[in-house]
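Report on one structure; see the data block that follows.
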Amino acid sequence: MADLTAVLASTHHPFYLRATTDHSENRLPQADEWQRKVEAYRETLTAAEPDVLVMVGADHFHQFFLDNYPTFLIGKQEKYNATFYNEVREFGLPEYLIDGDVELSNHLHQELLDAGFDFSFSHELKIDHSIVCPIITVRPQADLPVVPIYTNIFAPPLPSPKRFWDLGRAIRGIIDAWPSDKKVAAIGTGHLSLELGGPRMFGEHGPDPEFDAQAIEWLSTGNIEAILANVTHESMAAAGNATHGFMDLILMMGIAGPEEADYVDQLDLFHTREMFMTWYPDKSEQQAAAAARAAESSGAALGPVRAAQDTAKEGASA
């Protein structure tokens, strides 16, 4: 059977590459710390030694719009073109031609249909920064085949948080039962509290720091009961008009299971809080050692982060 070696859930910030490669007088004050944290986080994936990446993201109205926005979609291609023109222009993102894994795409698609998830599919999918950004940050070589899964977090009506959790659990079961000797890593990106184009967009941190701290606790402790009791479309909208991307992080926790995370890091940036989380389903000594080295470099936690603990840390550094 296949070996799920790591599950990574993080935010995706399209300005990371531009911010950390800008060495002019305009360099972002947090750029050095941001780069250090991302490069440390990268080691948690490297230690998993994956052969293929299942990557969860969402199309930012690049390829899909209100005339046709699938709820869930899987790519089924030999190659994927990546990065749209506006992402090159505005964010300085590179263009890629990324290998796919058609065998795993076909297997996931059929098994998800059999499990009651009516996926759309595409043989002509172009992927955007929700998948390009984690490639840049955790696998900049872009040398591994991917299976892209897109979810609808933008165009109402949206699936429920529980549907995202259930989908994650289904994906986990299918990967575990895949008759292959490949090592699989699952990587998904979304948002904590986020405001786009609204009055809370350009603060010193995300629009709802309390939601961010609580969300990190829920994810890192595997507390799906608290998430389903507290997170609704309305509560996410109150935290920021683009906070619904949190549901992709719930999906990733679904793949990991209701388990404590093995690595948790975060960073407040202009208008958002970045989060980097890794679970090792069957943690090896090599993975534990890599996570420990990464945490020593970045200041990350080797286990859950509680909201009260996070608030106390912020107060001490103020």
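By order in the structure tokens, chains are A, B, ...; within a chain, residues start at 1; ligands start at 1, following the order shown.
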Which residues of stretch 113-217 of chain A sit at most 6 Å from stretch 241-253 of chain A, using only C-alpha atoms? Give each one's shortest atom pair and distance in Å (one decimal place), in chain and ascending residue order, as JSON lines.
```
{"residue": "A:Ile153", "atom": "CA", "partner": "A:Gly245", "partner_atom": "CA", "distance": 5.6}
{"residue": "A:Pro161", "atom": "CA", "partner": "A:Met247", "partner_atom": "CA", "distance": 5.8}
{"residue": "A:Phe164", "atom": "CA", "partner": "A:Leu251", "partner_atom": "CA", "distance": 4.8}
{"residue": "A:Trp165", "atom": "CA", "partner": "A:Leu251", "partner_atom": "CA", "distance": 4.8}
{"residue": "A:Gly168", "atom": "CA", "partner": "A:Leu251", "partner_atom": "CA", "distance": 4.6}
{"residue": "A:Gly190", "atom": "CA", "partner": "A:Gly245", "partner_atom": "CA", "distance": 4.6}
{"residue": "A:His191", "atom": "CA", "partner": "A:Gly245", "partner_atom": "CA", "distance": 4.7}
{"residue": "A:Leu192", "atom": "CA", "partner": "A:Phe246", "partner_atom": "CA", "distance": 5.6}
{"residue": "A:Ser193", "atom": "CA", "partner": "A:Thr243", "partner_atom": "CA", "distance": 4.7}
{"residue": "A:Leu194", "atom": "CA", "partner": "A:Thr243", "partner_atom": "CA", "distance": 5.0}
{"residue": "A:Glu195", "atom": "CA", "partner": "A:Asn241", "partner_atom": "CA", "distance": 5.0}
```
I need the chosen residues saved as a PDB file, in the first residue's frame, with N, CA and C atoms.
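What landed in selection-v7.pdb:
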```pdb
ATOM      1  N   ILE A 153     -14.089  27.813  -2.307  1.00  0.00           N
ATOM      2  CA  ILE A 153     -14.135  28.603  -1.078  1.00  0.00           C
ATOM      3  C   ILE A 153     -14.532  30.050  -1.364  1.00  0.00           C
ATOM      4  N   PRO A 161     -18.237  23.422   6.467  1.00  0.00           N
ATOM      5  CA  PRO A 161     -16.975  22.961   7.061  1.00  0.00           C
ATOM      6  C   PRO A 161     -16.932  21.454   7.258  1.00  0.00           C
ATOM      7  N   PHE A 164     -15.862  19.627   4.150  1.00  0.00           N
ATOM      8  CA  PHE A 164     -14.420  19.672   3.935  1.00  0.00           C
ATOM      9  C   PHE A 164     -13.711  18.644   4.817  1.00  0.00           C
ATOM     10  N   TRP A 165     -14.127  18.542   6.072  1.00  0.00           N
ATOM     11  CA  TRP A 165     -13.552  17.530   6.976  1.00  0.00           C
ATOM     12  C   TRP A 165     -13.787  16.131   6.426  1.00  0.00           C
ATOM     13  N   GLY A 168     -11.576  15.356   3.530  1.00  0.00           N
ATOM     14  CA  GLY A 168     -10.221  15.042   3.976  1.00  0.00           C
ATOM     15  C   GLY A 168     -10.103  13.621   4.483  1.00  0.00           C
ATOM     16  N   GLY A 190      -4.612  27.526   2.561  1.00  0.00           N
ATOM     17  CA  GLY A 190      -5.848  28.290   2.691  1.00  0.00           C
ATOM     18  C   GLY A 190      -5.564  29.583   3.420  1.00  0.00           C
ATOM     19  N   HIS A 191      -6.503  29.996   4.263  1.00  0.00           N
ATOM     20  CA  HIS A 191      -6.375  31.271   4.963  1.00  0.00           C
ATOM     21  C   HIS A 191      -6.739  31.105   6.424  1.00  0.00           C
ATOM     22  N   LEU A 192      -6.183  31.971   7.251  1.00  0.00           N
ATOM     23  CA  LEU A 192      -6.771  32.263   8.551  1.00  0.00           C
ATOM     24  C   LEU A 192      -7.696  33.464   8.322  1.00  0.00           C
ATOM     25  N   SER A 193      -7.865  34.350   9.289  1.00  0.00           N
ATOM     26  CA  SER A 193      -8.722  35.505   9.017  1.00  0.00           C
ATOM     27  C   SER A 193      -8.087  36.352   7.920  1.00  0.00           C
ATOM     28  N   LEU A 194      -8.898  36.768   6.972  1.00  0.00           N
ATOM     29  CA  LEU A 194      -8.365  37.492   5.817  1.00  0.00           C
ATOM     30  C   LEU A 194      -9.424  38.417   5.271  1.00  0.00           C
ATOM     31  N   GLU A 195      -9.039  39.635   4.997  1.00  0.00           N
ATOM     32  CA  GLU A 195      -9.909  40.643   4.398  1.00  0.00           C
ATOM     33  C   GLU A 195      -9.285  41.078   3.084  1.00  0.00           C
TER      34      GLU A 195
END
```
**Message:** Taking 6 positions as the minimum chain separation for residues in the same chain, which residues sit within 8 Å of stretch 271-277 of chain A when counting only C-alpha atoms? Answer as a PyMOL selection string.
**Reply:** chain A and resi 8-13+41+192-195+200-207+212+216+220+261-265
**Prompt:** Hey, can you check how far atom CA of A:Ile127 sits from atom CA of A:Ala294?
**Reply:**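 Interatomic distance here is 29.0 Å.
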**Of the listed residues A:Asp143, A:Asp51, A:Glu260, A:Glu225, that which approaches A:Leu4 most closely, counting only C-alpha atoms** =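 Under the stated criterion, the closest residue is A:Asp51.
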**Message:** So, with only C-alpha atoms as the atoms that count, which of A:Thr20, A:Glu124, A:Phe15, A:Gln110 lies closest to A:Arg89?
**Reply:**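 Distance minimum relative to A:Arg89 lands on A:Phe15.
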**Message:** Residues near A:Ser298, anyone? I mean within 9 Å using only C-alpha atoms, not counting same-chain ones fewer than 5 positions away, as a PyMOL selection string.
**Reply:** chain A and resi 33+36-41+265+293
Mind writing the picked residues with all heavy atoms as a short mmCIF file (atom, residue, chain, number, x, y, z; two decimals), in the first residue's frame?
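again.cif was written with the following content:
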```
data_model
loop_
_atom_site.label_atom_id
_atom_site.label_comp_id
_atom_site.auth_asym_id
_atom_site.auth_seq_id
_atom_site.Cartn_x
_atom_site.Cartn_y
_atom_site.Cartn_z
N GLU A 33 12.88 37.16 8.78
CA GLU A 33 12.23 36.18 9.65
C GLU A 33 11.29 35.30 8.85
O GLU A 33 11.24 34.07 9.07
CB GLU A 33 11.45 36.90 10.76
CG GLU A 33 10.81 35.93 11.74
CD GLU A 33 10.02 36.65 12.82
OE1 GLU A 33 9.79 37.87 12.70
OE2 GLU A 33 9.62 35.97 13.79
N ARG A 36 13.35 32.77 6.96
CA ARG A 36 13.89 31.76 7.86
C ARG A 36 12.82 30.74 8.25
O ARG A 36 13.08 29.53 8.28
CB ARG A 36 14.45 32.43 9.11
CG ARG A 36 15.15 31.45 10.08
CD ARG A 36 15.80 32.15 11.24
NE ARG A 36 14.83 32.71 12.18
CZ ARG A 36 14.57 34.00 12.29
NH1 ARG A 36 15.19 34.88 11.53
NH2 ARG A 36 13.67 34.43 13.18
N LYS A 37 11.63 31.22 8.53
CA LYS A 37 10.56 30.32 8.92
C LYS A 37 10.14 29.41 7.76
O LYS A 37 9.90 28.21 7.96
CB LYS A 37 9.35 31.12 9.44
CG LYS A 37 9.56 31.69 10.84
CD LYS A 37 8.36 32.47 11.30
CE LYS A 37 8.51 32.94 12.75
NZ LYS A 37 8.48 31.83 13.72
N VAL A 38 10.04 29.96 6.57
CA VAL A 38 9.64 29.15 5.42
C VAL A 38 10.71 28.11 5.10
O VAL A 38 10.39 26.93 4.83
CB VAL A 38 9.37 30.05 4.20
CG1 VAL A 38 9.34 29.23 2.91
CG2 VAL A 38 8.05 30.79 4.38
N GLU A 39 11.97 28.49 5.13
CA GLU A 39 13.03 27.53 4.81
C GLU A 39 13.11 26.43 5.86
O GLU A 39 13.43 25.27 5.55
CB GLU A 39 14.35 28.25 4.64
CG GLU A 39 14.37 29.12 3.37
CD GLU A 39 15.66 29.89 3.19
OE1 GLU A 39 16.51 29.86 4.11
OE2 GLU A 39 15.82 30.54 2.14
N ALA A 40 12.82 26.76 7.12
CA ALA A 40 12.77 25.73 8.16
C ALA A 40 11.59 24.79 7.91
O ALA A 40 11.73 23.56 7.99
CB ALA A 40 12.67 26.39 9.53
N TYR A 41 10.44 25.37 7.62
CA TYR A 41 9.25 24.56 7.35
C TYR A 41 9.47 23.60 6.19
O TYR A 41 9.02 22.45 6.22
CB TYR A 41 8.09 25.51 7.04
CG TYR A 41 6.75 24.86 6.82
CD1 TYR A 41 6.22 23.96 7.73
CD2 TYR A 41 5.99 25.18 5.69
CE1 TYR A 41 4.97 23.39 7.54
CE2 TYR A 41 4.74 24.62 5.49
CZ TYR A 41 4.23 23.73 6.41
OH TYR A 41 2.99 23.16 6.21
N ASP A 265 4.10 26.57 13.27
CA ASP A 265 4.78 27.86 13.27
C ASP A 265 3.82 28.91 12.73
O ASP A 265 2.83 28.60 12.06
CB ASP A 265 6.05 27.79 12.41
CG ASP A 265 7.08 28.85 12.80
OD1 ASP A 265 6.82 29.62 13.75
OD2 ASP A 265 8.13 28.92 12.15
N ARG A 293 15.18 20.23 14.30
CA ARG A 293 16.14 21.19 13.74
C ARG A 293 15.43 22.41 13.18
O ARG A 293 15.86 23.55 13.37
CB ARG A 293 16.99 20.52 12.66
CG ARG A 293 17.99 19.50 13.17
CD ARG A 293 18.98 19.12 12.08
NE ARG A 293 18.33 18.59 10.88
CZ ARG A 293 18.06 17.30 10.69
NH1 ARG A 293 18.36 16.41 11.62
NH2 ARG A 293 17.48 16.90 9.57
#
```
**Asked** What are the DSSP strand (DSSP E) residues of stretch 121-157 of chain A, as a list in words?
**Response**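 Residues meeting the strand (DSSP E) criterion: Phe121, Ser122, Val146, Val147, Pro148, Ile149, Tyr150 and Thr151 of chain A.
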**Request:** Could you give me, as an NGL selection string, the residues within 8 Å of A:Ala213, counting only C-alpha atoms and dropping anything in the same chain fewer than 2 positions from it?
**Result:** :A and (209-211 or 215-217 or 306-307 or 310-311)
**Item:** In stretch 81-253 of chain A, DSSP alpha helix (DSSP H) residues written as a PyMOL selection string
**Value:** chain A and resi 85-91+102-114+129-138+161-177+209-221+224-230+233-239+246-253
**Asked** What's the 6 Å shell around A:Thr151, counting only C-alpha atoms, without same-chain residues fewer than 6 positions away, as a list of chain:residue names?
**Response**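 Result of the neighbour search: A:Ala58, A:Thr71, A:Phe72.
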Selected residues written out, N, CA, C and O atoms, as a PDB file, in the first residue's frame:
```pdb
ATOM      1  N   ALA A  58      -7.397  26.371  -4.328  1.00  0.00           N
ATOM      2  CA  ALA A  58      -8.633  26.932  -4.881  1.00  0.00           C
ATOM      3  C   ALA A  58      -8.281  27.894  -5.999  1.00  0.00           C
ATOM      4  O   ALA A  58      -7.285  28.622  -5.916  1.00  0.00           O
ATOM      5  N   THR A  71     -17.640  22.716  -7.396  1.00  0.00           N
ATOM      6  CA  THR A  71     -17.500  22.607  -5.942  1.00  0.00           C
ATOM      7  C   THR A  71     -16.198  21.906  -5.580  1.00  0.00           C
ATOM      8  O   THR A  71     -15.426  22.396  -4.753  1.00  0.00           O
ATOM      9  N   PHE A  72     -15.946  20.757  -6.196  1.00  0.00           N
ATOM     10  CA  PHE A  72     -14.690  20.029  -6.012  1.00  0.00           C
ATOM     11  C   PHE A  72     -14.230  19.544  -7.387  1.00  0.00           C
ATOM     12  O   PHE A  72     -15.034  19.062  -8.186  1.00  0.00           O
TER      13      PHE A  72
END
```
